[in-house]
Amino acid sequence: MIPLPQFHDSQDALPCVPLPQSREFARALALLGAPLRRREAGGVTWQARERRAGIAVISRGPVGAEADRHAWLASIARHQPGTVLLEADGFGPEALRQAGFWPLVTPASLAMLPLGDNGAMRAAMHQKWRNRLVRAERAGLQIIRKPLERGHWLLGADAAQARARGYRPLPHAVSVAFAQANPGGAVVFEARKAGLPVAAILVLRHGAMATWQTGHATPSGRRLNAMNLLLWHAMTALAEDCHAMLDLGLVNGDDAPGIARFKLGTGARLHRLSGSWLRFSALAPVARRLPLRLAG
């Protein structure tokens, strides 16, 4: 197995940082002319996007110890003055309400896959998922690993898939910029059969964490369980390079039950986010009096 190039940012003091809060993501957006503003206070760090009308968007931040994060939230007006849209992670509705936030979007859940010893990762898989992996390993698939390039067929296939399924993925320009700003950080794992591509996935690497960005399989690739084999190769390669966690993205059992089963079949843990919350300084006192049943 060809190892991944060494890719660690020693400036990230904490072992696992979500993609939107990583320095790698900030470098990608800066390359696109949409820089994030990075701040530090009270033992935590956070990155915010400045939107029109002066709204600061903080996605899955801040990063730090649990007690420091809650202290930051309680003093949000001092740390991040003005209007704040917080895509919250790790905060309860009562704490958010007391900090003056109004609920906008109900919480979603992510599939978070711990990485480590190959035997332990394989043992954590659901039996059916592992059986499909074994069949894929015997299917004569060739796995190619390479940096993301602007014209890779996966990007076009992902765009067509998004239109067909009615969802909006992260713009491909961001993925390409991520690859350009972080050499070795955007990795494509591609499966081929008889020399022809049948499936591919894109993984973004940031600190000790990595994020499954997108994936696509042709009908032939699905029959051969190529996605199982690709993800397994990604898991082992990332673990060998000391990545500790792979974020497999949103889990939506209602709209995409098959995708949810695939993600959770890996042994991933369900991680519930805290929803999207908005804070207007003038209305913060009213938000604190909002009935808790309306804030959850």
# chains A, B, ... in the order shown; residues from 1 in each chain; ligands from 1
>>> residues_around(residues="Val187 (chain A)", least_positions_apart="4", cutoff="6 Å", atoms="only C-alpha atoms", output="short mmCIF file (atom, residue, chain, number, x, y, z; two decimals) with N, CA and C atoms, in the first residue's frame")
data_model
loop_
_atom_site.label_atom_id
_atom_site.label_comp_id
_atom_site.auth_asym_id
_atom_site.auth_seq_id
_atom_site.Cartn_x
_atom_site.Cartn_y
_atom_site.Cartn_z
N LYS A 146 -4.64 9.45 -5.50
CA LYS A 146 -3.93 10.59 -6.10
C LYS A 146 -4.52 11.90 -5.59
N PRO A 147 -3.78 12.99 -5.72
CA PRO A 147 -4.31 14.30 -5.31
C PRO A 147 -5.46 14.72 -6.23
N LEU A 148 -6.39 15.47 -5.68
CA LEU A 148 -7.50 15.99 -6.48
C LEU A 148 -6.99 16.96 -7.52
N LEU A 202 -13.65 11.39 -2.42
CA LEU A 202 -12.74 12.50 -2.13
C LEU A 202 -12.70 12.72 -0.63
N VAL A 203 -11.49 12.74 -0.08
CA VAL A 203 -11.28 12.95 1.35
C VAL A 203 -10.43 14.19 1.55
#
>>> closest_atom_pairs(of="region 132-187 of chain A", to="region 32-51 of chain A", cutoff="9 Å", atoms="only C-alpha atoms", output="JSON lines")
{"residue": "A:Ala173", "atom": "CA", "partner": "A:Leu32", "partner_atom": "CA", "distance": 8.1}
{"residue": "A:Val174", "atom": "CA", "partner": "A:Leu32", "partner_atom": "CA", "distance": 7.6}
{"residue": "A:Ala177", "atom": "CA", "partner": "A:Leu32", "partner_atom": "CA", "distance": 7.0}
>>> atom_distance(atom1="CA of Gly61 (chain A)", atom2="CA of Ala88 (chain A)")
7.0 Å
>>> atom_distance(atom1="CA of Val188 (chain A)", atom2="CA of Arg150 (chain A)")
11.6 Å
>>> residues_around(residues="Leu273 (chain A)", least_positions_apart="6", cutoff="6 Å", atoms="only C-alpha atoms", output="VMD selection string")
chain A and resid 89 107 to 109
>>> residues_around(residues="Gly267 (chain A)", least_positions_apart="4", cutoff="8 Å", atoms="only C-alpha atoms", output="PyMOL selection string")
chain A and resi 113+121+124-126+263
>>> write_last_selection(atoms="N, CA and C atoms", output="mmCIF file, in the first residue's frame")
data_model
loop_
_atom_site.group_PDB
_atom_site.id
_atom_site.type_symbol
_atom_site.label_atom_id
_atom_site.label_comp_id
_atom_site.auth_asym_id
_atom_site.auth_seq_id
_atom_site.Cartn_x
_atom_site.Cartn_y
_atom_site.Cartn_z
ATOM 1 N N LEU A 113 -16.383 8.464 12.376
ATOM 2 C CA LEU A 113 -15.736 7.152 12.360
ATOM 3 C C LEU A 113 -14.358 7.222 13.020
ATOM 4 N N MET A 121 -10.790 -1.596 13.608
ATOM 5 C CA MET A 121 -11.712 -0.935 12.679
ATOM 6 C C MET A 121 -12.569 -1.963 11.958
ATOM 7 N N ALA A 124 -15.272 -3.416 14.191
ATOM 8 C CA ALA A 124 -16.358 -2.487 14.515
ATOM 9 C C ALA A 124 -17.406 -2.396 13.414
ATOM 10 N N MET A 125 -17.095 -2.908 12.225
ATOM 11 C CA MET A 125 -18.051 -2.839 11.114
ATOM 12 C C MET A 125 -19.250 -3.744 11.369
ATOM 13 N N HIS A 126 -20.400 -3.352 10.842
ATOM 14 C CA HIS A 126 -21.557 -4.235 10.865
ATOM 15 C C HIS A 126 -21.274 -5.426 9.958
ATOM 16 N N LYS A 263 -23.042 4.549 5.883
ATOM 17 C CA LYS A 263 -22.134 5.278 6.770
ATOM 18 C C LYS A 263 -22.052 4.625 8.149
#
>>> atom_distance(atom1="CA of Ala200 (chain A)", atom2="CA of Gly215 (chain A)")
5.6 Å
>>> closest_residue(among="A:Ala244, A:His216, A:Glu190, A:Arg223", to="Ala159 (chain A)", atoms="only C-alpha atoms")
A:His216
>>> select_by_dssp(residues="region 55-112 of chain A", states="helix (DSSP H, G or I)", output="ChimeraX atom specification")
/A:66-74,76-79,93-98
>>> residues_around(residues="region 284-290 of chain A", least_positions_apart="5", cutoff="10 Å", atoms="only C-alpha atoms", output="PyMOL selection string")
chain A and resi 77+94-103+278-279+295
>>> select_by_dssp(residues="region 76-249 of chain A", states="strand (DSSP E or B)", output="PyMOL selection string")
chain A and resi 83-88+102-105+109-114+142-147+186-193+196-206+209-217+245-249
>>> closest_residue(among="A:Arg132, A:Arg52, A:Arg23, A:His172", to="Leu155 (chain A)", atoms="only C-alpha atoms")
A:His172
>>> residues_around(residues="Asp247 (chain A)", least_positions_apart="2", cutoff="7 Å", atoms="only C-alpha atoms", output="PDB file with C-alpha atoms, in the first residue's frame")
ATOM      1  CA  ALA A 111     -21.470   9.909  11.279  1.00  0.00           C
ATOM      2  CA  MET A 112     -18.070  10.092  12.993  1.00  0.00           C
ATOM      3  CA  LEU A 113     -15.736   7.152  12.360  1.00  0.00           C
ATOM      4  CA  ALA A 210     -10.343  14.050   7.901  1.00  0.00           C
ATOM      5  CA  THR A 211     -13.658  14.593   6.128  1.00  0.00           C
ATOM      6  CA  TRP A 212     -15.372  12.475   3.494  1.00  0.00           C
ATOM      7  CA  MET A 245     -11.274  10.561  13.146  1.00  0.00           C
ATOM      8  CA  GLY A 249     -20.991  13.777   6.984  1.00  0.00           C
TER       9      GLY A 249
END
>>> decode(residues="region 102-115 of chain A", atoms="C-alpha atoms", output="PDB file, in the first residue's frame")
ATOM      1  CA  TRP A 102     -32.744  32.216  18.800  1.00  0.00           C
ATOM      2  CA  PRO A 103     -33.221  28.743  17.255  1.00  0.00           C
ATOM      3  CA  LEU A 104     -33.374  28.646  13.444  1.00  0.00           C
ATOM      4  CA  VAL A 105     -32.698  25.097  12.231  1.00  0.00           C
ATOM      5  CA  THR A 106     -33.229  21.883  14.181  1.00  0.00           C
ATOM      6  CA  PRO A 107     -30.166  19.743  14.933  1.00  0.00           C
ATOM      7  CA  ALA A 108     -28.780  17.299  12.379  1.00  0.00           C
ATOM      8  CA  SER A 109     -26.520  14.305  13.010  1.00  0.00           C
ATOM      9  CA  LEU A 110     -23.123  13.312  11.648  1.00  0.00           C
ATOM     10  CA  ALA A 111     -21.470   9.909  11.279  1.00  0.00           C
ATOM     11  CA  MET A 112     -18.070  10.092  12.993  1.00  0.00           C
ATOM     12  CA  LEU A 113     -15.736   7.152  12.360  1.00  0.00           C
ATOM     13  CA  PRO A 114     -12.863   6.546  14.814  1.00  0.00           C
ATOM     14  CA  LEU A 115      -9.632   5.482  13.110  1.00  0.00           C
TER      15      LEU A 115
END
